[in-house]
Every structure is written in structure tokens, then in C-alpha cells.
>>> print(open('entry.txt').read())   # compact mmCIF, C-alpha atoms and all ligand atoms
# COMPACT_ATOMS: atom_id res chain seq x y z
CA MET A 1372 3.94 -30.78 -15.93
CA ASN A 1373 5.60 -28.58 -13.27
CA ILE A 1374 5.54 -24.87 -14.03
CA LEU A 1375 7.49 -22.29 -12.04
CA ALA A 1376 5.77 -18.91 -12.37
CA ILE A 1377 6.87 -15.40 -11.54
CA GLU A 1378 4.63 -12.34 -11.07
CA THR A 1379 5.99 -8.81 -10.57
CA SER A 1380 3.55 -6.60 -12.50
CA CYS A 1381 2.85 -4.20 -9.64
CA ASP A 1382 3.72 -4.26 -5.94
CA GLU A 1383 3.69 -7.97 -5.18
CA THR A 1384 6.78 -10.10 -5.74
CA ALA A 1385 5.33 -13.56 -6.24
CA ALA A 1386 6.47 -17.02 -7.30
CA ALA A 1387 4.61 -20.33 -7.45
CA VAL A 1388 4.87 -23.89 -8.70
CA THR A 1389 1.86 -25.74 -10.08
CA VAL A 1390 1.36 -29.19 -11.56
CA ASP A 1391 -0.66 -29.32 -14.79
CA GLY A 1392 -1.85 -25.78 -14.15
CA ARG A 1393 -4.42 -26.38 -11.46
CA THR A 1394 -2.62 -28.16 -8.60
CA VAL A 1395 -0.71 -25.63 -6.52
CA LEU A 1396 2.49 -26.94 -4.89
CA SER A 1397 3.57 -23.52 -3.61
CA ASN A 1398 2.34 -19.95 -3.90
CA ILE A 1399 4.57 -17.30 -2.27
CA VAL A 1400 3.44 -13.67 -2.29
CA PHE A 1401 5.62 -10.93 -0.85
CA SER A 1402 3.59 -7.73 -0.66
CA GLN A 1403 5.43 -4.41 -0.81
CA THR A 1404 2.42 -2.56 0.61
CA ASP A 1405 4.24 -1.23 3.69
CA ALA A 1406 6.93 0.42 1.55
CA HIS A 1407 4.35 2.21 -0.62
CA ALA A 1408 1.83 3.04 2.12
CA VAL A 1409 3.68 6.19 3.23
CA PHE A 1410 3.24 7.58 -0.30
CA GLY A 1411 -0.47 6.65 -0.46
CA GLY A 1412 0.05 4.56 -3.62
CA VAL A 1413 2.53 2.46 -5.56
CA VAL A 1414 5.77 4.29 -6.50
CA PRO A 1415 6.93 2.48 -9.68
CA GLU A 1416 10.66 3.00 -9.13
CA ILE A 1417 10.47 1.71 -5.55
CA ALA A 1418 8.41 -1.27 -6.75
CA SER A 1419 11.10 -2.21 -9.32
CA ARG A 1420 13.91 -1.92 -6.77
CA LEU A 1421 12.10 -4.02 -4.20
CA HIS A 1422 11.37 -6.70 -6.82
CA VAL A 1423 15.10 -6.80 -7.63
CA GLU A 1424 15.95 -7.19 -3.94
CA SER A 1425 13.50 -9.97 -3.16
CA ILE A 1426 12.93 -11.97 -6.34
CA SER A 1427 15.67 -14.59 -5.86
CA GLN A 1428 14.59 -15.41 -2.30
CA ILE A 1429 10.91 -15.59 -3.26
CA VAL A 1430 11.60 -17.92 -6.20
CA ALA A 1431 13.90 -20.09 -4.07
CA ARG A 1432 11.18 -20.36 -1.41
CA ALA A 1433 8.57 -21.30 -4.01
CA VAL A 1434 10.77 -24.10 -5.37
CA ASP A 1435 11.70 -25.31 -1.83
CA GLU A 1436 8.11 -25.30 -0.63
CA ALA A 1437 6.98 -27.16 -3.75
CA GLY A 1438 9.27 -29.98 -2.69
CA ILE A 1439 10.72 -30.42 -6.16
CA SER A 1440 14.30 -30.13 -7.36
CA ARG A 1441 15.25 -27.49 -9.91
CA THR A 1442 15.54 -30.18 -12.55
CA GLY A 1443 11.89 -30.98 -11.88
CA ILE A 1444 10.81 -27.65 -13.39
CA ASP A 1445 9.44 -28.17 -16.93
CA ALA A 1446 8.80 -24.53 -17.91
CA VAL A 1447 8.99 -21.01 -16.51
CA ALA A 1448 5.92 -18.77 -16.89
CA VAL A 1449 6.11 -15.05 -16.24
CA THR A 1450 3.80 -12.06 -16.38
CA ALA A 1451 4.96 -10.01 -19.37
CA ALA A 1452 2.02 -7.54 -19.66
CA PRO A 1453 0.28 -5.38 -18.61
CA GLY A 1454 1.71 -3.61 -15.57
CA LEU A 1455 4.40 -1.20 -14.41
CA ILE A 1456 7.10 -1.57 -17.02
CA GLY A 1457 10.10 -1.55 -14.64
CA ALA A 1458 8.39 -4.00 -12.31
CA LEU A 1459 7.47 -6.33 -15.20
CA LEU A 1460 11.01 -6.23 -16.60
CA THR A 1461 12.45 -7.34 -13.27
CA GLY A 1462 10.38 -10.53 -13.19
CA LEU A 1463 10.79 -11.13 -16.93
CA SER A 1464 14.58 -10.81 -16.78
CA PHE A 1465 14.75 -13.21 -13.85
CA ALA A 1466 12.42 -15.66 -15.60
CA LYS A 1467 14.48 -15.55 -18.82
CA SER A 1468 17.67 -16.30 -16.88
CA ALA A 1469 15.97 -19.12 -14.98
CA ALA A 1470 14.54 -20.68 -18.16
CA TYR A 1471 17.90 -20.40 -19.93
CA ALA A 1472 19.83 -21.84 -16.99
CA LEU A 1473 17.39 -24.73 -16.58
CA GLY A 1474 17.14 -25.34 -20.32
CA VAL A 1475 13.32 -25.18 -20.28
CA PRO A 1476 10.80 -23.10 -22.26
CA LEU A 1477 9.79 -19.59 -21.20
CA VAL A 1478 6.06 -18.80 -21.38
CA PRO A 1479 5.07 -15.12 -21.35
CA VAL A 1480 1.70 -14.57 -19.68
CA HIS A 1481 -0.91 -11.81 -19.91
CA HIS A 1482 -1.76 -10.62 -16.38
CA ILE A 1483 -5.49 -10.18 -17.01
CA ARG A 1484 -5.82 -13.68 -18.45
CA ALA A 1485 -3.90 -14.95 -15.41
CA HIS A 1486 -6.44 -13.30 -13.06
CA VAL A 1487 -9.22 -15.09 -14.97
CA ALA A 1488 -7.26 -18.37 -14.70
CA ALA A 1489 -7.28 -18.08 -10.88
CA ASN A 1490 -10.77 -19.54 -11.27
CA TYR A 1491 -9.37 -22.78 -12.76
CA ILE A 1492 -7.37 -23.29 -9.56
CA ALA A 1493 -10.27 -22.43 -7.28
CA PHE A 1494 -12.77 -24.55 -9.24
CA PRO A 1495 -11.13 -27.69 -10.62
CA GLU A 1496 -14.21 -28.61 -12.66
CA LEU A 1497 -14.51 -25.20 -14.35
CA GLU A 1498 -14.04 -25.13 -18.10
CA PRO A 1499 -14.66 -22.40 -20.66
CA PRO A 1500 -16.91 -20.95 -21.94
CA PHE A 1501 -17.99 -18.61 -19.16
CA SER A 1502 -18.31 -14.93 -18.37
CA CYS A 1503 -15.95 -13.08 -16.04
CA LEU A 1504 -16.05 -9.84 -14.08
CA MET A 1505 -12.42 -8.74 -13.85
CA VAL A 1506 -11.95 -5.98 -11.27
CA SER A 1507 -8.53 -4.96 -10.02
CA GLY A 1508 -6.49 -1.87 -9.19
CA GLY A 1509 -5.64 -1.39 -12.85
CA HIS A 1510 -8.61 -2.80 -14.76
CA THR A 1511 -12.39 -3.09 -14.74
CA LEU A 1512 -13.52 -5.41 -17.50
CA PHE A 1513 -16.68 -7.29 -18.38
CA CYS A 1514 -15.29 -10.29 -20.21
CA ASP A 1515 -16.30 -13.37 -22.08
CA VAL A 1516 -14.00 -16.40 -21.87
CA PRO A 1517 -14.80 -18.56 -24.93
CA ASP A 1518 -11.77 -20.84 -24.44
CA TYR A 1519 -8.61 -21.26 -22.39
CA CYS A 1520 -6.26 -18.26 -22.86
CA GLU A 1521 -8.97 -16.29 -24.65
CA VAL A 1522 -10.59 -13.28 -23.04
CA ASP A 1523 -12.95 -11.06 -25.07
CA MET A 1524 -13.65 -7.67 -23.56
CA LEU A 1525 -17.32 -6.73 -23.91
CA GLY A 1526 -17.12 -3.61 -21.76
CA ALA A 1527 -14.66 -1.73 -19.59
CA SER A 1528 -14.19 1.34 -17.46
CA ARG A 1529 -13.43 4.31 -19.68
CA ASP A 1530 -11.35 5.96 -16.97
CA ASP A 1531 -10.32 4.82 -13.47
CA ALA A 1532 -10.43 1.14 -12.54
CA ALA A 1533 -12.73 0.22 -9.65
CA GLY A 1534 -9.77 -0.56 -7.35
CA GLU A 1535 -8.09 2.71 -8.26
CA ALA A 1536 -11.27 4.60 -7.31
CA PHE A 1537 -11.43 2.71 -4.00
CA ASP A 1538 -7.79 3.56 -3.28
CA LYS A 1539 -8.13 7.25 -4.17
CA VAL A 1540 -11.31 7.77 -2.14
CA ALA A 1541 -9.74 5.88 0.77
CA ARG A 1542 -6.69 8.13 0.63
CA ARG A 1543 -8.94 11.22 0.80
CA LEU A 1544 -10.63 9.64 3.83
CA GLY A 1545 -7.22 9.25 5.46
CA LEU A 1546 -7.37 5.44 5.34
CA PRO A 1547 -4.14 3.46 4.82
CA TYR A 1548 -3.08 2.21 1.36
CA PRO A 1549 -4.39 0.02 -0.25
CA GLY A 1550 -7.73 1.46 0.72
CA GLY A 1551 -10.18 -0.97 -0.88
CA ARG A 1552 -10.00 -3.47 1.96
CA GLU A 1553 -10.25 -0.69 4.58
CA MET A 1554 -13.33 0.80 2.91
CA ASP A 1555 -14.89 -2.66 2.69
CA ALA A 1556 -14.46 -3.14 6.46
CA LEU A 1557 -15.58 0.39 7.39
CA ALA A 1558 -18.71 0.10 5.21
CA SER A 1559 -19.82 -2.86 7.32
CA LEU A 1560 -19.93 -0.59 10.39
CA ALA A 1561 -22.47 1.84 8.89
CA ASP A 1562 -25.85 2.17 10.61
CA PRO A 1563 -28.16 -0.10 8.56
CA GLN A 1564 -31.03 2.37 9.14
CA ALA A 1565 -29.09 5.40 7.84
CA LYS A 1566 -29.92 6.72 4.38
CA SER A 1567 -26.99 6.45 1.96
CA TYR A 1568 -25.31 9.53 0.50
CA THR A 1569 -26.42 10.24 -3.07
CA LEU A 1570 -23.67 9.28 -5.53
CA PRO A 1571 -23.75 8.96 -9.34
CA ARG A 1572 -24.01 5.77 -11.42
CA PRO A 1573 -23.03 6.95 -14.91
CA VAL A 1574 -24.16 5.18 -18.09
CA PHE A 1575 -22.89 5.33 -21.66
CA ALA A 1576 -25.44 5.44 -24.47
CA ASP A 1577 -23.07 3.92 -27.05
CA ASN A 1578 -22.07 0.85 -25.00
CA ALA A 1579 -24.20 -0.11 -22.02
CA LEU A 1580 -21.39 -2.45 -20.86
CA ASP A 1581 -18.85 0.36 -20.48
CA CYS A 1582 -18.64 2.16 -17.16
CA SER A 1583 -16.84 5.00 -15.39
CA PHE A 1584 -15.51 5.53 -11.88
CA SER A 1585 -13.81 8.89 -12.19
CA GLY A 1586 -17.02 10.95 -11.71
CA LEU A 1587 -18.04 8.79 -8.77
CA LYS A 1588 -14.66 9.36 -7.15
CA THR A 1589 -14.87 13.12 -7.76
CA SER A 1590 -18.40 13.21 -6.26
CA VAL A 1591 -17.12 11.68 -3.02
CA ILE A 1592 -14.21 14.08 -2.89
CA ASN A 1593 -16.55 17.06 -3.53
CA LEU A 1594 -18.86 15.81 -0.80
CA LEU A 1595 -15.94 15.60 1.63
CA ASN A 1596 -14.80 19.12 0.64
CA THR A 1597 -18.31 20.45 1.30
CA PHE A 1598 -18.36 18.86 4.75
CA GLU A 1599 -14.94 20.36 5.47
CA GLN A 1600 -16.01 23.86 4.35
CA ARG A 1601 -19.03 23.67 6.64
CA GLY A 1602 -16.85 22.50 9.52
CA GLU A 1603 -18.90 19.30 9.71
CA GLU A 1604 -17.75 15.67 9.97
CA PRO A 1605 -19.06 13.16 7.43
CA ASP A 1606 -20.26 9.76 8.58
CA ARG A 1607 -17.23 7.91 7.22
CA ALA A 1608 -18.70 4.42 7.55
CA LEU A 1609 -21.87 5.56 5.77
CA LEU A 1610 -19.81 7.17 3.05
CA CYS A 1611 -17.87 3.92 2.54
CA ARG A 1612 -21.14 1.98 2.38
CA SER A 1613 -22.61 4.48 -0.09
CA PHE A 1614 -19.50 4.20 -2.27
CA ASN A 1615 -19.61 0.39 -2.13
CA GLU A 1616 -23.29 0.48 -3.13
CA ALA A 1617 -22.53 2.70 -6.13
CA VAL A 1618 -19.67 0.42 -7.24
CA ILE A 1619 -21.95 -2.62 -6.90
CA ASP A 1620 -24.75 -0.90 -8.86
CA ILE A 1621 -22.25 -0.17 -11.63
CA LEU A 1622 -20.54 -3.59 -11.72
CA VAL A 1623 -23.19 -6.21 -11.05
CA PRO A 1624 -25.83 -5.41 -13.73
CA ARG A 1625 -23.10 -5.10 -16.37
CA ALA A 1626 -21.50 -8.41 -15.35
CA LEU A 1627 -24.91 -10.08 -15.66
CA ALA A 1628 -25.65 -8.36 -18.97
CA ALA A 1629 -22.27 -9.46 -20.35
CA ALA A 1630 -23.03 -13.08 -19.43
CA LYS A 1631 -26.52 -12.81 -20.93
CA SER A 1632 -25.25 -11.24 -24.16
CA ARG A 1633 -23.18 -14.39 -24.87
CA GLY A 1634 -25.68 -16.84 -23.43
CA ARG A 1635 -23.32 -18.00 -20.64
CA ARG A 1636 -24.60 -19.89 -17.61
CA VAL A 1637 -21.52 -19.33 -15.44
CA LEU A 1638 -20.22 -16.00 -14.15
CA ALA A 1639 -16.73 -15.94 -12.60
CA ALA A 1640 -14.98 -13.07 -10.84
CA ALA A 1641 -11.33 -12.10 -10.71
CA GLY A 1642 -8.97 -9.39 -9.45
CA GLY A 1643 -8.32 -7.71 -6.12
CA VAL A 1644 -11.70 -5.93 -5.93
CA ALA A 1645 -13.44 -9.32 -6.21
CA ALA A 1646 -12.31 -9.74 -2.58
CA ASN A 1647 -14.86 -7.06 -1.57
CA SER A 1648 -17.33 -8.69 0.81
CA HIS A 1649 -20.28 -6.48 -0.23
CA LEU A 1650 -19.65 -7.10 -3.93
CA ARG A 1651 -19.38 -10.85 -3.29
CA ARG A 1652 -22.74 -10.86 -1.51
CA ALA A 1653 -24.37 -8.75 -4.22
CA LEU A 1654 -23.02 -11.03 -6.98
CA ALA A 1655 -24.28 -14.11 -5.13
CA GLU A 1656 -27.77 -12.63 -4.76
CA ALA A 1657 -27.93 -11.39 -8.36
CA CYS A 1658 -26.72 -14.72 -9.81
CA GLU A 1659 -29.18 -16.66 -7.68
CA LYS A 1660 -32.02 -14.44 -8.86
CA ASN A 1661 -30.98 -14.69 -12.52
CA GLY A 1662 -30.23 -18.41 -12.67
CA LEU A 1663 -26.49 -17.97 -13.17
CA GLU A 1664 -23.84 -20.13 -11.51
CA LEU A 1665 -21.33 -17.92 -9.69
CA ARG A 1666 -17.63 -18.77 -9.31
CA LEU A 1667 -15.94 -16.58 -6.69
CA PRO A 1668 -12.30 -17.52 -6.05
CA PRO A 1669 -11.08 -17.30 -2.43
CA VAL A 1670 -9.71 -13.88 -1.48
CA ALA A 1671 -6.08 -15.12 -1.63
CA LEU A 1672 -6.53 -15.96 -5.33
CA CYS A 1673 -8.27 -12.66 -6.19
CA GLY A 1674 -5.25 -10.41 -5.56
CA ASP A 1675 -1.97 -10.67 -7.45
CA ASN A 1676 -0.26 -14.05 -7.07
CA ALA A 1677 1.91 -16.32 -9.19
CA ALA A 1678 -0.20 -19.49 -8.99
CA MET A 1679 -2.67 -17.89 -11.39
CA VAL A 1680 0.25 -17.06 -13.72
CA ALA A 1681 1.42 -20.69 -13.58
CA CYS A 1682 -2.10 -21.86 -14.38
CA GLU A 1683 -2.51 -19.51 -17.34
CA GLY A 1684 1.08 -20.38 -18.35
CA TYR A 1685 0.17 -24.07 -18.48
CA TYR A 1686 -2.71 -23.54 -20.90
CA ALA A 1687 -0.65 -21.03 -22.93
CA TYR A 1688 2.17 -23.62 -23.12
CA LYS A 1689 -0.29 -26.23 -24.38
CA LYS A 1690 -1.36 -23.76 -27.09
CA GLY A 1691 2.28 -23.34 -28.14
CA VAL A 1692 3.01 -19.92 -26.63
CA ARG A 1693 6.78 -19.52 -26.11
CA GLY A 1694 9.03 -16.58 -25.30
CA GLY A 1695 12.66 -16.30 -26.30
CA LEU A 1696 15.53 -14.37 -24.79
CA CYS A 1697 14.31 -11.34 -26.79
CA GLN A 1698 10.88 -11.44 -25.10
CA ASN A 1699 9.87 -7.93 -24.08
CA ALA A 1700 7.43 -6.66 -21.44
CA PHE A 1701 4.51 -4.35 -22.26
CA ALA A 1702 2.80 -1.89 -19.95
CA VAL A 1703 -0.49 -1.81 -21.82
CA ARG A 1704 -3.50 -4.07 -21.79
CA GLU A 1705 -3.52 -4.40 -25.60
CA ALA A 1706 -0.39 -6.57 -25.62
CA ASP A 1707 -2.25 -9.77 -26.57
CA ALA A 1708 -0.63 -10.12 -29.96
CA GLU A 1709 2.86 -9.73 -28.47
CA LEU A 1710 2.39 -12.75 -26.19
CA GLN A 1711 1.44 -15.39 -28.76
O1 LIG B 1801 -5.65 -7.57 -8.53
P1 LIG B 1801 -4.88 -6.69 -7.61
O2 LIG B 1801 -4.21 -7.34 -6.42
O3 LIG B 1801 -3.77 -5.91 -8.36
C1 LIG B 1801 -3.93 -5.38 -9.65
O4 LIG B 1801 -3.72 -6.13 -10.63
O5 LIG B 1801 -4.35 -4.19 -9.71
O6 LIG B 1801 -5.92 -5.57 -7.10
C2 LIG B 1801 -5.55 -4.58 -6.19
C3 LIG B 1801 -6.76 -3.69 -5.94
C4 LIG B 1801 -6.44 -2.46 -5.08
O7 LIG B 1801 -6.98 -1.33 -5.72
C5 LIG B 1801 -7.15 -2.76 -3.77
O8 LIG B 1801 -7.60 -1.61 -3.07
C6 LIG B 1801 -8.34 -3.58 -4.25
O9 LIG B 1801 -7.78 -4.43 -5.24
N1 LIG B 1801 -8.94 -4.38 -3.17
C7 LIG B 1801 -10.20 -4.18 -2.73
C8 LIG B 1801 -10.40 -5.10 -1.66
N2 LIG B 1801 -9.24 -5.82 -1.50
C9 LIG B 1801 -8.36 -5.36 -2.44
N3 LIG B 1801 -11.16 -3.33 -3.14
C10 LIG B 1801 -12.34 -3.37 -2.50
N4 LIG B 1801 -12.59 -4.21 -1.46
C11 LIG B 1801 -11.68 -5.09 -1.02
N5 LIG B 1801 -11.93 -5.93 -0.02
ZN ZN B 1802 -3.56 -7.95 -10.84
>>> encode(input="entry.txt", output="C-alpha cells")
Amino acid sequence: MNILAIETSCDETAAAVTVDGRTVLSNIVFSQTDAHAVFGGVVPEIASRLHVESISQIVARAVDEAGISRTGIDAVAVTAAPGLIGALLTGLSFAKSAAYALGVPLVPVHHIRAHVAANYIAFPELEPPFSCLMVSGGHTLFCDVPDYCEVDMLGASRDDAAGEAFDKVARRLGLPYPGGREMDALASLADPQAKSYTLPRPVFADNALDCSFSGLKTSVINLLNTFEQRGEEPDRALLCRSFNEAVIDILVPRALAAAKSRGRRVLAAAGGVAANSHLRRALAEACEKNGLELRLPPVALCGDNAAMVACEGYYAYKKGVRGGLCQNAFAVREADAELQ
């Protein structure tokens, strides 16, 4: 079954075609990063406008590169939640028109479940149940995946997402947007002998699987302000390494605990922050030590893309999920019920 998928939840305009969910025929991602970089973050209105400008070319390229004719498309999947509402509506409107014009079903897809589904593409043998650490610019979730299209949240950040904290700290350090990748690279340049800066690793007594990044972010900013007031220069590479270490100390034990709490043997990762080289190493070491099998998708499948939407769309289609011309988009994570 050939699925054309569209993803426009944030600042990537993406389209892909997959066969039976897991075989990728094309996966086109147009990143708007340059347009947002001057503002130090995504400007929702600009994101929507750029999606409008580029969506038809990106979809046409995805279909061309897939080497199929338009009549070879069996369904159109589209991210309908969560995300920036204007950005989501652009992709959804295009997808509705395409599905209507082609006379094929429309399948609305939940973006977080699509990130998890990136693992099905990367690991053709992978089947639920498994555990998943989902870390992106908008979400930090410790999940259980009991079945296809099902994602139970066992814990989450109560404030900033991990990627958001990376981006905000990076901005304060004067690094270009999106800062996560820059901080990852700079951290690798720190003197291995140097002692890390002291940064907090908050815990919540009422749910050990919940976490927080806002205090960690503020601590770094306060530290930088103190350096500035003293007229001193911080060791930026060391600061990036220290921040990475704190993020790892927050994420990894919770991801392992989430897997353990449901008796899962496999831990997968998903989302843009799962591209972080230090986190990937730490997860590999921790899983090895704890007898868990780790599934780390390649970096290109961690960030936003439409192949993961096509994959999730395939399994959602098989479960009977359909969207009509009245299908709406939802900005919030709790839109599960709206996408059945
Ligand atoms: O999944 P994604 O592409 O979009 C959302 O759904 O949010 O994730 C984007 C986030 C950004 O915050 C970006 O800074 C972060 O992923 N990111 C990284 C790295 N690469 C991307 N964070 C840390 N280290 C990286 N190497
Ligand atoms: Zn995403």
C-alpha cells in the first residue's frame, strides 16, 4: 500500500511516500531553519507562510522521487496534532485537497506517535511492545508502546522540553538556531580533564518519571550572568558539556526506569534530541549495562520528517483511522481522541 504523507507541524515542510509503512520510496524535508535563525527561534506566522509557499513543490518532488504515478497513491497521511496550529493547518488543508482529488482516504496522524514510528522504518524487525524515550523541541516523554499506534506516557517534562532548553541555552551562548546540534558539537571540544560546572538535576517526589528542564536552563543563564558581571569569560565548551551531562542524567535513568516499570526488553528513542551524540553514547552504555536492547534511529529519522508520518499513517489506516473533509488540526498533545 503506497501512502503519501505530509508533515508541517513546525518548521520543516516535508513529504514522503512509503510502501506498507516501512519501505521508504522518497522522503523530502525542506527545513526553514535559515528563515527563523535571525529571530533565534521559530516564528509561527513565518512558518505557516513558508509552508504555503513550498508545500506543492515538496509534495510533487516526493511523488516524482518515489517513481509512482499519482494514481498509485492509496492514501494520504498527514500530521494533524500536536504542533503550531497555523503550520499544521497548512499541511492538513493540502492533504485534504490531495485526498479528495485522488479519491483516496485521508489519515490524520499524531506527531508524537509518528516520531515513535520512525523506529519501524529504521528497524524492520521491530514490533511492539517496547519502551520509548521521545525527546524533541516540543516534548520530553518517557513512553510505553504496547501496540502499533498506542503510546502511553509514563512520565514527562513538567515545563520546557529538552530540545527547547538546548535551544534557549544555545541562544544565550550566542550559538545559531537551532542550538541543540551546535551545543552537541561544542561539548565534544571540552577539555576531558576539566571539572564540569555544577548544574541541577531536579526530581519530583510524586512521580519519579517526571522531569524538568526550566530550572536547569535558568541555572545556566544565571551562571553566564555571573561570569558577565565579573567581567570573566566562561569556558563555553565546558558549559555545553556540563549541560549535556545534566540532560543525560535526567533522561537516561528515567528512560530505563520506564522500560523496567513495564517489563520491556527493548528501549527505542525518537525526536530531534535523540540525534545528540552524547545522549546516544550514554543510552548505549546504560542499555548494555542493564541488559536492554537499544533501538536508535539514524539522525535523519530523529528530526521531523514525513516518512515517519507515512509509517504511522499506515498502521493507523490498518486500525481504521480516517479523516474527512471536516478534519481539524490540534495544537495540543492531548489530541489522541480527536484522531481516531
Ligand atoms: O523532533 P524535532 O525535529 O522537532 C520537534 O518535533 O520539536 O526536534 C527539534 C529539536 C530542537 O530543539 C533541536 O535543537 C534539537 O531537536 N536537536 C538536538 C540535536 N539535534 C537537534 N538537541 C541536542 N543535540 C542534537 N544533536
Ligand atoms: Zn517533531
>>> atom_distance(input="entry.txt", atom1="atom CA of Val1409 of chain A", atom2="atom CA of Ala1702 of chain A")
24.6 Å
>>> residues_around(input="entry.txt", residues="Cys1611 of chain A", least_positions_apart="4", cutoff="8 Å", atoms="only C-alpha atoms", output="PDB file with C-alpha atoms, in the coordinates of the input")
ATOM      1  CA  MET A1554     -13.330   0.800   2.910  1.00  0.00           C
ATOM      2  CA  ASP A1555     -14.890  -2.660   2.690  1.00  0.00           C
ATOM      3  CA  LEU A1557     -15.580   0.390   7.390  1.00  0.00           C
ATOM      4  CA  ALA A1558     -18.710   0.100   5.210  1.00  0.00           C
ATOM      5  CA  ARG A1607     -17.230   7.910   7.220  1.00  0.00           C
ATOM      6  CA  ASN A1615     -19.610   0.390  -2.130  1.00  0.00           C
TER       7      ASN A1615
END
>>> residues_near_ligand(input="entry.txt", ligand="ligand ZN 1802 (chain B)", cutoff="12 Å", atoms="all atoms listed in the file", output="PyMOL selection string")
chain A and resi 1378-1385+1450+1452-1455+1459+1481-1489+1505-1511+1532+1534-1535+1641-1645+1671-1677+1679-1680+1704
>>> residues_around(input="entry.txt", residues="Arg1420 of chain A", least_positions_apart="3", cutoff="10 Å", atoms="only C-alpha atoms", output="PyMOL selection string")
chain A and resi 1415-1417+1423-1425+1457-1458+1461
>>> atom_distance(input="entry.txt", atom1="atom CA of Ala1646 of chain A", atom2="atom CA of Glu1553 of chain A")
11.7 Å
>>> residues_around(input="entry.txt", residues="segment 1434-1438 of chain A", least_positions_apart="5", cutoff="7 Å", atoms="all atoms listed in the file", output="tab-separated table (two decimals) with C-alpha atoms, keeping the file's coordinate frame")
chain	number	residue	atom	x	y	z
A	1388	VAL	CA	4.87	-23.89	-8.70
A	1396	LEU	CA	2.49	-26.94	-4.89
A	1397	SER	CA	3.57	-23.52	-3.61
>>> atom_distance(input="entry.txt", atom1="atom CA of Arg1625 of chain A", atom2="atom CA of Leu1580 of chain A")
5.5 Å
>>> closest_residue(input="entry.txt", among="A:Thr1404, A:Thr1389, A:Ser1585, A:Gln1564", to="Tyr1548 of chain A", atoms="all atoms listed in the file")
A:Thr1404
>>> closest_residue(input="entry.txt", among="A:Ala1527, A:Ile1374, A:Ile1399, A:Ala1533", to="ligand LIG 1801 (chain B)", atoms="only C-alpha atoms and all ligand atoms")
A:Ala1533
>>> closest_residue(input="entry.txt", among="A:Glu1521, A:Glu1616, A:Glu1496, A:Asp1606", to="ligand LIG 1801 (chain B)", atoms="all atoms listed in the file")
A:Glu1616
>>> closest_residue(input="entry.txt", among="A:Leu1667, A:Ala1678, A:Val1480, A:Ala1536", to="ligand LIG 1801 (chain B)", atoms="all atoms listed in the file")
A:Ala1536
>>> residues_around(input="entry.txt", residues="Ala1469 of chain A", least_positions_apart="6", cutoff="10 Å", atoms="all atoms listed in the file", output="PyMOL selection string")
chain A and resi 1375+1430+1441+1446-1447+1463+1475-1477
>>> closest_residue(input="entry.txt", among="A:Arg1552, A:Lys1690, A:Arg1572, A:Arg1635", to="ligand LIG 1801 (chain B)", atoms="only C-alpha atoms and all ligand atoms")
A:Arg1552
>>> closest_residue(input="entry.txt", among="A:Arg1693, A:Arg1601, A:Arg1393, A:His1649", to="Pro1479 of chain A", atoms="only C-alpha atoms")
A:Arg1693
>>> residues_near_point(input="entry.txt", point="(-5.2, -25.9, -16.2)", cutoff="8 Å", atoms="all atoms listed in the file", output="ChimeraX atom specification")
/A:1391-1393,1488,1491-1492,1682-1683,1685-1686
>>> residues_around(input="entry.txt", residues="segment 1651-1665 of chain A", least_positions_apart="6", cutoff="7 Å", atoms="all atoms listed in the file", output="JSON, numbers by chain")
{"A": [1623, 1636, 1637, 1638, 1639, 1645]}
>>> decode(input="entry.txt", residues="segment 1554-1559 of chain A", atoms="all heavy atoms", output="mmCIF file, in the first residue's frame")
data_model
loop_
_atom_site.group_PDB
_atom_site.id
_atom_site.type_symbol
_atom_site.label_atom_id
_atom_site.label_comp_id
_atom_site.auth_asym_id
_atom_site.auth_seq_id
_atom_site.Cartn_x
_atom_site.Cartn_y
_atom_site.Cartn_z
ATOM 1 N N MET A 1554 25.408 22.855 20.366
ATOM 2 C CA MET A 1554 25.876 22.557 21.731
ATOM 3 C C MET A 1554 26.472 21.160 21.808
ATOM 4 O O MET A 1554 27.444 20.928 22.532
ATOM 5 C CB MET A 1554 24.732 22.697 22.733
ATOM 6 C CG MET A 1554 24.381 24.149 23.000
ATOM 7 S SD MET A 1554 23.194 24.307 24.330
ATOM 8 C CE MET A 1554 24.153 23.865 25.767
ATOM 9 N N ASP A 1555 25.890 20.244 21.061
ATOM 10 C CA ASP A 1555 26.380 18.864 20.982
ATOM 11 C C ASP A 1555 27.834 18.882 20.480
ATOM 12 O O ASP A 1555 28.741 18.286 21.097
ATOM 13 C CB ASP A 1555 25.461 18.102 20.009
ATOM 14 C CG ASP A 1555 25.806 16.641 19.842
ATOM 15 O OD1 ASP A 1555 26.829 16.202 20.391
ATOM 16 O OD2 ASP A 1555 25.054 15.925 19.147
ATOM 17 N N ALA A 1556 28.062 19.635 19.390
ATOM 18 C CA ALA A 1556 29.401 19.680 18.776
ATOM 19 C C ALA A 1556 30.396 20.386 19.689
ATOM 20 O O ALA A 1556 31.535 19.918 19.887
ATOM 21 C CB ALA A 1556 29.324 20.387 17.430
ATOM 22 N N LEU A 1557 29.970 21.508 20.286
ATOM 23 C CA LEU A 1557 30.871 22.292 21.145
ATOM 24 C C LEU A 1557 31.262 21.498 22.394
ATOM 25 O O LEU A 1557 32.416 21.554 22.859
ATOM 26 C CB LEU A 1557 30.177 23.611 21.514
ATOM 27 C CG LEU A 1557 31.033 24.772 22.024
ATOM 28 C CD1 LEU A 1557 32.228 25.026 21.120
ATOM 29 C CD2 LEU A 1557 30.179 26.040 22.116
ATOM 30 N N ALA A 1558 30.297 20.730 22.920
ATOM 31 C CA ALA A 1558 30.570 19.922 24.125
ATOM 32 C C ALA A 1558 31.707 18.937 23.885
ATOM 33 O O ALA A 1558 32.496 18.648 24.791
ATOM 34 C CB ALA A 1558 29.304 19.169 24.536
ATOM 35 N N SER A 1559 31.819 18.460 22.656
ATOM 36 C CA SER A 1559 32.871 17.479 22.337
ATOM 37 C C SER A 1559 34.259 18.106 22.394
ATOM 38 O O SER A 1559 35.253 17.389 22.463
ATOM 39 C CB SER A 1559 32.656 16.902 20.934
ATOM 40 O OG SER A 1559 31.381 16.356 20.844
#
